Amino acid sequence: MTDPELTAERGHGSGIWPSIRTERAALAADLAELTEAQWATPSLCAGLTVREVLAHLTAGASLDTVRWLAGVIRCRFDFDKQVAVRLAEQLGVDPAETLARFRRIVPSTTEPPLPAIAMLGETLVHGEDIRRPLGIRHAYPIDVVTRVAEYYQGSDMVVVAKKRVEGLRLTATDAPSGPSSGPAVSGPTLALVMAMTGRGAYCDDLEGDGAEILRGRCGAATCSVGAIRLRT
């Protein structure tokens, strides 16, 4: 993995919103022909179906800072309730409406109080939360996945990731990696991203003395946009 100190600088660089739109559109296309049973498939997010995770992505792309703060206040600073309320708003009456709502936000640049790179990370990670249980494979551009990996390696803002990989030496087998120390964890960049955000299933794709350590640090993955704490 490359230096996480580059993340803040790159987070304001070009190409993030086009990448978000591209990945949203690809996910919508992948889900176009799902059956009712497939929509009800448990996702990698604890307690949520793939349909519910898609609604969560729609909710995250529909919240600006004002709406996010208003929702937090309305939910009396119960951040988990805020996530549930926003998800329910975007679920619709059936899977067709859930997908239609998501398609409408594909070009959206609306965001809660988060950097754009965090929105790209949400799109990628929750896309995999949906795809992997359905057996759908998607070829992400390696530069996009690497950028997300750098962000998560250096941040605990949306999901605990930096702390989860603390002391481990992450090595991507499909992209250049920077210097690091500690028990080794190696594998595809996508698997590293998913494991560092708590998806233990992806540890099966990793090798090295640190892989089992990382697996032990993975718990039940959750949907997190809307649960962002105000930071000073």
# chains A, B, ... in the order shown; residues from 1 in each chain; ligands from 1

call {"tool": "residues_around", "arguments": {"residues": "Pro42 of chain A", "least_positions_apart": "4", "cutoff": "9 Å", "atoms": "only C-alpha atoms", "output": "PyMOL selection string"}}
result
chain A and resi 38+46-51+130+133

call {"tool": "closest_atom_pairs", "arguments": {"of": "segment 72-162 of chain A", "to": "segment 189-210 of chain A", "cutoff": "8 Å", "atoms": "only C-alpha atoms", "output": "Markdown table"}}
result
| residue | atom | partner | partner_atom | distance |
| --- | --- | --- | --- | --- |
| A:Val125 | CA | A:Met194 | CA | 6.4 |
| A:Ile142 | CA | A:Thr189 | CA | 7.8 |
| A:Val145 | CA | A:Leu190 | CA | 6.2 |
| A:Thr146 | CA | A:Thr189 | CA | 6.5 |
| A:Val148 | CA | A:Val193 | CA | 7.3 |
| A:Ala149 | CA | A:Val193 | CA | 5.3 |
| A:Tyr152 | CA | A:Val193 | CA | 7.3 |
| A:Gln153 | CA | A:Met196 | CA | 7.6 |
| A:Val159 | CA | A:Thr197 | CA | 6.4 |
| A:Val160 | CA | A:Thr197 | CA | 6.5 |
| A:Ala161 | CA | A:Met196 | CA | 5.1 |
| A:Lys162 | CA | A:Met196 | CA | 7.6 |

call {"tool": "write_last_selection", "arguments": {"atoms": "N, CA, C and O atoms", "output": "compact mmCIF listing (two decimals), in the first residue's frame"}}
result
# COMPACT_ATOMS: atom_id res chain seq x y z
N VAL A 125 -17.30 -0.24 -1.25
CA VAL A 125 -17.47 -1.24 -0.18
C VAL A 125 -18.89 -1.78 -0.15
O VAL A 125 -19.11 -3.00 -0.11
N ILE A 142 -7.86 -0.46 -11.04
CA ILE A 142 -6.94 -0.62 -9.92
C ILE A 142 -6.58 0.71 -9.28
O ILE A 142 -6.38 0.79 -8.06
N VAL A 145 -9.42 1.50 -6.77
CA VAL A 145 -9.37 0.68 -5.56
C VAL A 145 -8.17 1.08 -4.69
O VAL A 145 -8.26 1.14 -3.45
N THR A 146 -7.05 1.40 -5.33
CA THR A 146 -5.86 1.81 -4.59
C THR A 146 -6.10 3.12 -3.85
O THR A 146 -5.70 3.29 -2.69
N VAL A 148 -8.94 4.24 -2.75
CA VAL A 148 -9.81 3.94 -1.62
C VAL A 148 -9.02 3.27 -0.50
O VAL A 148 -9.19 3.58 0.69
N ALA A 149 -8.13 2.35 -0.87
CA ALA A 149 -7.31 1.66 0.13
C ALA A 149 -6.44 2.65 0.90
O ALA A 149 -6.31 2.56 2.13
N TYR A 152 -8.74 4.54 3.46
CA TYR A 152 -9.12 3.77 4.64
C TYR A 152 -7.93 3.45 5.53
O TYR A 152 -8.05 3.40 6.75
N GLN A 153 -6.77 3.23 4.92
CA GLN A 153 -5.58 2.92 5.71
C GLN A 153 -5.21 4.08 6.63
O GLN A 153 -4.58 3.87 7.67
N VAL A 159 -15.69 4.44 9.09
CA VAL A 159 -15.63 3.09 9.61
C VAL A 159 -14.24 2.89 10.21
O VAL A 159 -13.27 3.47 9.72
N VAL A 160 -14.16 2.11 11.27
CA VAL A 160 -12.84 1.83 11.85
C VAL A 160 -12.04 1.01 10.85
O VAL A 160 -12.38 -0.12 10.55
N ALA A 161 -11.01 1.60 10.30
CA ALA A 161 -10.16 0.91 9.32
C ALA A 161 -8.69 1.09 9.70
O ALA A 161 -7.96 0.11 9.80
N LYS A 162 -8.29 2.34 9.91
CA LYS A 162 -6.91 2.62 10.28
C LYS A 162 -6.51 1.83 11.53
O LYS A 162 -5.45 1.19 11.57

call {"tool": "residues_around", "arguments": {"residues": "Pro18 of chain A", "least_positions_apart": "6", "cutoff": "10 Å", "atoms": "only C-alpha atoms", "output": "JSON, numbers by chain"}}
result
{"A": [24, 107, 109, 120]}

call {"tool": "residues_around", "arguments": {"residues": "Gly182 of chain A", "least_positions_apart": "6", "cutoff": "8 Å", "atoms": "only C-alpha atoms", "output": "NGL selection string"}}
result
:A and (167-169 or 210)

call {"tool": "residues_around", "arguments": {"residues": "Ala118 of chain A", "least_positions_apart": "2", "cutoff": "8 Å", "atoms": "only C-alpha atoms", "output": "PyMOL selection string"}}
result
chain A and resi 114-116+120-122+148+151+158

call {"tool": "write_last_selection", "arguments": {"atoms": "all heavy atoms", "output": "compact mmCIF listing (two decimals), in the first residue's frame"}}
result
# COMPACT_ATOMS: atom_id res chain seq x y z
N LEU A 114 -18.70 14.75 4.54
CA LEU A 114 -17.64 13.79 4.28
C LEU A 114 -16.84 14.24 3.07
O LEU A 114 -17.38 14.88 2.17
CB LEU A 114 -18.22 12.41 3.96
CG LEU A 114 -18.76 11.55 5.09
CD1 LEU A 114 -19.41 10.30 4.52
CD2 LEU A 114 -17.65 11.17 6.04
N PRO A 115 -15.56 13.88 2.98
CA PRO A 115 -14.82 14.14 1.74
C PRO A 115 -15.31 13.21 0.63
O PRO A 115 -15.86 12.13 0.89
CB PRO A 115 -13.37 13.81 2.14
CG PRO A 115 -13.49 12.86 3.27
CD PRO A 115 -14.72 13.26 4.02
N ALA A 116 -15.12 13.63 -0.61
CA ALA A 116 -15.58 12.84 -1.75
C ALA A 116 -14.97 11.45 -1.75
O ALA A 116 -15.62 10.47 -2.14
CB ALA A 116 -15.27 13.57 -3.05
N LEU A 120 -16.67 7.69 -2.38
CA LEU A 120 -16.19 6.66 -3.30
C LEU A 120 -15.99 5.34 -2.55
O LEU A 120 -16.37 4.27 -3.04
CB LEU A 120 -14.88 7.10 -3.95
CG LEU A 120 -14.23 6.10 -4.92
CD1 LEU A 120 -15.17 5.74 -6.07
CD2 LEU A 120 -12.91 6.67 -5.46
N GLY A 121 -15.41 5.43 -1.35
CA GLY A 121 -15.23 4.23 -0.55
C GLY A 121 -16.54 3.56 -0.21
O GLY A 121 -16.67 2.33 -0.29
N GLU A 122 -17.55 4.35 0.17
CA GLU A 122 -18.87 3.79 0.46
C GLU A 122 -19.45 3.08 -0.75
O GLU A 122 -20.04 2.00 -0.64
CB GLU A 122 -19.81 4.91 0.89
CG GLU A 122 -19.58 5.44 2.28
CD GLU A 122 -20.12 4.50 3.34
OE1 GLU A 122 -21.34 4.26 3.36
OE2 GLU A 122 -19.33 3.99 4.15
N VAL A 148 -8.94 4.24 -2.75
CA VAL A 148 -9.81 3.94 -1.62
C VAL A 148 -9.02 3.27 -0.50
O VAL A 148 -9.19 3.58 0.69
CB VAL A 148 -10.99 3.07 -2.06
CG1 VAL A 148 -11.78 2.54 -0.86
CG2 VAL A 148 -11.92 3.87 -2.98
N TYR A 151 -7.08 5.77 1.44
CA TYR A 151 -7.95 6.54 2.33
C TYR A 151 -8.26 5.77 3.60
O TYR A 151 -8.09 6.29 4.72
CB TYR A 151 -9.25 6.92 1.60
CG TYR A 151 -10.29 7.48 2.54
CD1 TYR A 151 -10.13 8.73 3.14
CD2 TYR A 151 -11.43 6.73 2.86
CE1 TYR A 151 -11.07 9.23 4.02
CE2 TYR A 151 -12.37 7.23 3.75
CZ TYR A 151 -12.19 8.48 4.32
OH TYR A 151 -13.12 8.96 5.20
N VAL A 158 -15.36 7.19 8.89
CA VAL A 158 -16.66 6.59 8.61
C VAL A 158 -16.75 5.19 9.20
O VAL A 158 -17.78 4.78 9.73
CB VAL A 158 -16.91 6.54 7.08
CG1 VAL A 158 -18.25 5.89 6.77
CG2 VAL A 158 -16.86 7.94 6.50

call {"tool": "residues_around", "arguments": {"residues": "Glu23 of chain A", "least_positions_apart": "5", "cutoff": "10 Å", "atoms": "only C-alpha atoms", "output": "PDB file with C-alpha atoms, in the first residue's frame"}}
result
ATOM      1  CA  TRP A  17     -16.833  12.142  -8.653  1.00  0.00           C
ATOM      2  CA  PRO A  18     -16.550  10.672 -12.172  1.00  0.00           C
ATOM      3  CA  ALA A  28     -27.190  -0.449 -11.112  1.00  0.00           C
ATOM      4  CA  ALA A  29     -26.492  -2.424 -14.285  1.00  0.00           C
ATOM      5  CA  VAL A 106     -26.096   7.966 -10.050  1.00  0.00           C
ATOM      6  CA  LEU A 120     -16.189   6.659  -3.299  1.00  0.00           C
ATOM      7  CA  THR A 123     -19.818   3.089  -3.151  1.00  0.00           C
ATOM      8  CA  LEU A 124     -17.112   0.483  -3.563  1.00  0.00           C
ATOM      9  CA  GLY A 127     -21.203  -2.433  -3.794  1.00  0.00           C
ATOM     10  CA  HIS A 138     -16.921  -6.605 -10.944  1.00  0.00           C
ATOM     11  CA  TYR A 140     -12.743  -2.172 -10.564  1.00  0.00           C
ATOM     12  CA  PRO A 141     -10.016   0.046 -12.036  1.00  0.00           C
ATOM     13  CA  VAL A 144      -9.707   3.576  -7.998  1.00  0.00           C
TER      14      VAL A 144
END

call {"tool": "closest_residue", "arguments": {"among": "A:Ala100, A:Ile117, A:Thr171, A:Arg164", "to": "Cys218 of chain A", "atoms": "only C-alpha atoms"}}
result
A:Arg164

call {"tool": "atom_distance", "arguments": {"atom1": "atom CA of Ser186 of chain A", "atom2": "atom CA of Val53 of chain A"}}
result
28.1 Å

call {"tool": "closest_residue", "arguments": {"among": "A:Met119, A:Ala184, A:Val165, A:Ala211", "to": "Arg21 of chain A", "atoms": "only C-alpha atoms"}}
result
A:Met119

call {"tool": "select_by_dssp", "arguments": {"residues": "segment 18-203 of chain A", "states": "alpha helix (DSSP H)", "output": "PyMOL selection string"}}
result
chain A and resi 18-30+36-39+50-60+65-74+79-91+95-104+116-134+142-153+189-196

call {"tool": "closest_residue", "arguments": {"among": "A:Arg86, A:Arg137, A:His56, A:His126", "to": "Leu99 of chain A", "atoms": "only C-alpha atoms"}}
result
A:His56
